[in-house]
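Heads up, the thing below is written out as structure tokens.
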Amino acid sequence: MNRRSRTWRCALPPLLRYPSADELADKAAALVARHPGDVRLRRVGTSRAGAPLWLLSVGHGSRQALVVAGPHANEPVGGATVLRLAERALADPALTEGADATWNLLLCLDPDGLRRNEAWLSGPYTLGHYFRHFFRPGFLEQPEWLPDGADGAALPETRALLGLQDELKPFFQVSLHGVDVGGGFVELTHDLPGLPDRVAGIARRLGVPRELGPYDTLYWPVLGPAVHLIPPPQRGDLAAAITEAAVESTWYHPHRYGTVTAIVEAPMWAVPAVEDGSPPADRDAALRTISRTLRADAGTLELLLARIRPLLAAVPDAARLLAPVGDYLLVCPGLADAWDPDRDIQGRPLPPLTTAHLAALRIAGRRLALRTAGLLHQLVTCAGPVAAGALSELDRLIDLWCADYRDGCGARWVPVPRQVEYQSRVVLAAFDLVAHRAEGARSGERGWCPGTAVPMHRE
């Protein structure tokens with residue numbers, strides 16, 4: 001592949017904070033105005049609230065790469081990353097002409113959800129501010145998941161993405177995600193030998209810890225440190241879908257075209273312990289503490305929810321906030337049991353665990369509690385003075401649990417430019433590996449894809 005670089009540079013200034021949905025569209029339009037021969041912007045769908053879904057395309061190659069930003073409402077790093085990738089593709093012809101590739105960058109899959117997070121997008125970037133303004137829709141409203149299969153997709157955002165996949169038949173697809181607390185990791189539908197070493201080098205240079213054992217990959221095959229193979233999708237209950245993510249999804253929909261899909265996670269607050277692969281000093285004692293803490297926190301939140309529910313009748317759109325609250329509280333007991341060494345979960349023994357796994361489980365349990373508390377905080381704030389007692393209790397819990405992240409886990413903020421640079425470099429590393437192995441093939445052709453294909457689930 002030709003590694004020459006263009007002599008001109010893109011004029012977009014570096015993003016020091018997360019862009020809003022409107023800012024993403026404006027910056028993409030500015031790129032088109034500057035480079036009309038190389039960049040196109042088109043509307044590929046409409047959200048439930050009527051917001052446009054914008055696709056920014058760079059290059060004119062016959063092979064299509066698709067990058068999806070903003071699939072989760074509270075993970076805004078992907079929007080900044082797609083703008084960075086557009087700059088890189090414009091500046092380096094090896095990424096377009098040299099690879100016979102077109103980069104198709106979906107600016108935000110859930111613009112409605114992103115708007116609900118705008119209260120914290122510009123900072124201050126503190127854990128308390130983030131969780132008090134956190135929003136993520138209920139699981140049934142998340143556009144990458146296909147609970148009823150592709151034919152039964154109900155959300156307009158999901159249908160737009162499925163249509164785009166069927167139109168482009170991409171040889172490479174990326175879904176950009178953000179870890180609120182933890183480290184960076186990658187999930188793949190196909191093995192990409194060499195990617196773990198590249199991720200390790202990128203993480204080391206940028207000072208981003210790799211999360212070696214994310215809780216939702218606990219039972220997944222490991223392809224290398226912080227790189228996991230997504231198992232074939234399967235139908236299951238809501239709790240299993242939320243906690244294990246091995247469900248029928250838009251990650252797998254283009255599999256029929258030989259598409260390699262990568263999910264690239266970048267951390268907002270980094271915790272060094274998620275990279276510690278050493279044996280734990282006392283595995284069972286740590287697991288007991290984690291599971292008991294999760295049960296206690298969930299119990300506290302259940303009681304608070306019962307107390308405030310009668311006060312929410314007059315709160316506008318309360319159902320949108322209560323849906324994810326119900327999802328989180330639904331999965332807490334099952335997770336606590338699954339992680340408890342004193343509970344016999346038939347057919348699901350825990351795999352060997354490192355210190356990194358235990359750190360990730362501790363973070364995950366606390367995440368469920370904090371997200372729930374943050375959503376309840378927004379509800380009781382809207383309820384007004386009648387909920388003042390519950391508001392003070394939620395403030396106390398959020399401050400206490402955020403302090404545990406900060407002081408107990410050592411969580412430290414990763415500046416937005418570093419998050420973006422980490423995520424974009426990992427995407428480019430995966431693209432390079434896929435493009436080299438697929439050289440000479442075109443999107444949608446049979447037989448080009450690397451490695452053994454993971455079969456699509458058939459009901």
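A note on labels: chains of the structure tokens are A, B, ... as shown, every chain counts residues from 1, and ligands are counted from 1 in their shown order.
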*When DSSP works through the backbone of this structure, what residues of stretch 100-346 of chain A end up as strand (DSSP E), shown as a ChimeraX atom specification?*
/A:101-106,172-182,185-188,222-224,227-229,260-270
*Shell of 10 Å around stretch 332-344 of chain A, only C-alpha atoms, local chain residues under 2 positions omitted, as a PyMOL selection string*: chain A and resi 215+239-240+243+283-299+327-330+346-350+358+361+364-365+368-369
Wanna dump the stretch 70-130 of chain A-stretch 393-410 of chain A contacts at 10 Å for me, each residue with its shortest atom pair and the distance in Å to one decimal, counting only C-alpha atoms, ordered by chain and number, as CSV?
```
residue,atom,partner,partner_atom,distance
A:Thr126,CA,A:Cys402,CA,9.1
A:Leu127,CA,A:Cys402,CA,6.0
A:Gly128,CA,A:Cys402,CA,6.3
A:His129,CA,A:Ile398,CA,9.8
```
*From stretch 173-237 of chain A, collect each residue whose DSSP state is helix (DSSP H, G or I) and return the set as a ChimeraX atom specification.*
/A:195-206,215-217
Dump of N, CA, C and O atoms for the selected residues, as a PDB file, in the first residue's frame:
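As a result, out_28.pdb now contains:
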```pdb
ATOM      1  N   LEU A 195      -3.123  -7.887  15.921  1.00  0.00           N
ATOM      2  CA  LEU A 195      -3.801  -6.732  16.511  1.00  0.00           C
ATOM      3  C   LEU A 195      -3.485  -6.568  18.003  1.00  0.00           C
ATOM      4  O   LEU A 195      -3.262  -5.435  18.451  1.00  0.00           O
ATOM      5  N   PRO A 196      -3.448  -7.644  18.820  1.00  0.00           N
ATOM      6  CA  PRO A 196      -3.127  -7.431  20.235  1.00  0.00           C
ATOM      7  C   PRO A 196      -1.803  -6.712  20.448  1.00  0.00           C
ATOM      8  O   PRO A 196      -1.703  -5.834  21.318  1.00  0.00           O
ATOM      9  N   ASP A 197      -0.772  -7.052  19.657  1.00  0.00           N
ATOM     10  CA  ASP A 197       0.515  -6.369  19.809  1.00  0.00           C
ATOM     11  C   ASP A 197       0.406  -4.900  19.424  1.00  0.00           C
ATOM     12  O   ASP A 197       1.005  -4.019  20.059  1.00  0.00           O
ATOM     13  N   ARG A 198      -0.361  -4.616  18.377  1.00  0.00           N
ATOM     14  CA  ARG A 198      -0.522  -3.216  17.962  1.00  0.00           C
ATOM     15  C   ARG A 198      -1.291  -2.425  19.021  1.00  0.00           C
ATOM     16  O   ARG A 198      -0.947  -1.276  19.333  1.00  0.00           O
ATOM     17  N   VAL A 199      -2.331  -3.022  19.569  1.00  0.00           N
ATOM     18  CA  VAL A 199      -3.095  -2.352  20.627  1.00  0.00           C
ATOM     19  C   VAL A 199      -2.195  -2.090  21.830  1.00  0.00           C
ATOM     20  O   VAL A 199      -2.241  -1.005  22.442  1.00  0.00           O
ATOM     21  N   ALA A 200      -1.359  -3.066  22.173  1.00  0.00           N
ATOM     22  CA  ALA A 200      -0.452  -2.892  23.310  1.00  0.00           C
ATOM     23  C   ALA A 200       0.490  -1.711  23.088  1.00  0.00           C
ATOM     24  O   ALA A 200       0.728  -0.901  23.999  1.00  0.00           O
ATOM     25  N   GLY A 201       1.027  -1.593  21.878  1.00  0.00           N
ATOM     26  CA  GLY A 201       1.937  -0.488  21.588  1.00  0.00           C
ATOM     27  C   GLY A 201       1.242   0.858  21.643  1.00  0.00           C
ATOM     28  O   GLY A 201       1.776   1.839  22.189  1.00  0.00           O
ATOM     29  N   ILE A 202       0.037   0.932  21.087  1.00  0.00           N
ATOM     30  CA  ILE A 202      -0.730   2.180  21.096  1.00  0.00           C
ATOM     31  C   ILE A 202      -1.057   2.579  22.532  1.00  0.00           C
ATOM     32  O   ILE A 202      -0.884   3.742  22.928  1.00  0.00           O
ATOM     33  N   ALA A 203      -1.530   1.610  23.317  1.00  0.00           N
ATOM     34  CA  ALA A 203      -1.901   1.900  24.704  1.00  0.00           C
ATOM     35  C   ALA A 203      -0.690   2.352  25.519  1.00  0.00           C
ATOM     36  O   ALA A 203      -0.775   3.282  26.332  1.00  0.00           O
ATOM     37  N   ARG A 204       0.436   1.700  25.296  1.00  0.00           N
ATOM     38  CA  ARG A 204       1.652   2.066  26.043  1.00  0.00           C
ATOM     39  C   ARG A 204       2.100   3.480  25.704  1.00  0.00           C
ATOM     40  O   ARG A 204       2.423   4.274  26.588  1.00  0.00           O
ATOM     41  N   ARG A 205       2.096   3.829  24.414  1.00  0.00           N
ATOM     42  CA  ARG A 205       2.557   5.162  24.008  1.00  0.00           C
ATOM     43  C   ARG A 205       1.644   6.265  24.521  1.00  0.00           C
ATOM     44  O   ARG A 205       2.106   7.368  24.821  1.00  0.00           O
ATOM     45  N   LEU A 206       0.349   5.980  24.625  1.00  0.00           N
ATOM     46  CA  LEU A 206      -0.602   7.007  25.044  1.00  0.00           C
ATOM     47  C   LEU A 206      -0.949   6.944  26.526  1.00  0.00           C
ATOM     48  O   LEU A 206      -1.718   7.767  27.025  1.00  0.00           O
ATOM     49  N   TYR A 215     -16.089  -7.365  32.112  1.00  0.00           N
ATOM     50  CA  TYR A 215     -17.035  -8.311  32.703  1.00  0.00           C
ATOM     51  C   TYR A 215     -17.945  -8.956  31.667  1.00  0.00           C
ATOM     52  O   TYR A 215     -18.344 -10.113  31.801  1.00  0.00           O
ATOM     53  N   ASP A 216     -18.269  -8.240  30.568  1.00  0.00           N
ATOM     54  CA  ASP A 216     -19.178  -8.835  29.590  1.00  0.00           C
ATOM     55  C   ASP A 216     -18.464  -9.772  28.628  1.00  0.00           C
ATOM     56  O   ASP A 216     -19.105 -10.378  27.757  1.00  0.00           O
ATOM     57  N   THR A 217     -17.148  -9.901  28.760  1.00  0.00           N
ATOM     58  CA  THR A 217     -16.411 -10.878  27.947  1.00  0.00           C
ATOM     59  C   THR A 217     -15.884 -12.024  28.802  1.00  0.00           C
ATOM     60  O   THR A 217     -15.013 -12.779  28.366  1.00  0.00           O
TER      61      THR A 217
END
```
*For A:Ala226, list every protein, DNA or RNA residue within 12 Å, evaluated using only C-alpha atoms, and leave out those in the same chain fewer than 5 positions away; present the list as an MDAnalysis selection string.*
chainID A and resid 182:188 195:200 203 208:215 217:218 220:221 263:266 274:277 356:357 426
*Please identify all polymer residues within 7 Å of A:Leu391, counting only C-alpha atoms, omitting same-chain residues fewer than 6 positions from it, and present them as JSON, numbers by chain.*
{"A": [377, 380, 381]}
Only C-alpha atoms, please: the residues just picked out, written as a PDB file, in the first residue's frame.
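So again.pdb came out as:
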```
ATOM      1  CA  HIS A 377     -31.345  11.697  40.666  1.00  0.00           C
ATOM      2  CA  VAL A 380     -36.347  13.323  41.715  1.00  0.00           C
ATOM      3  CA  THR A 381     -34.827  16.648  40.585  1.00  0.00           C
TER       4      THR A 381
END
```
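Across A:Val44, A:Val58, A:Ile308, A:Ala65, the tightest approach to A:Leu161 is made by A:Val44 when counting only C-alpha atoms.
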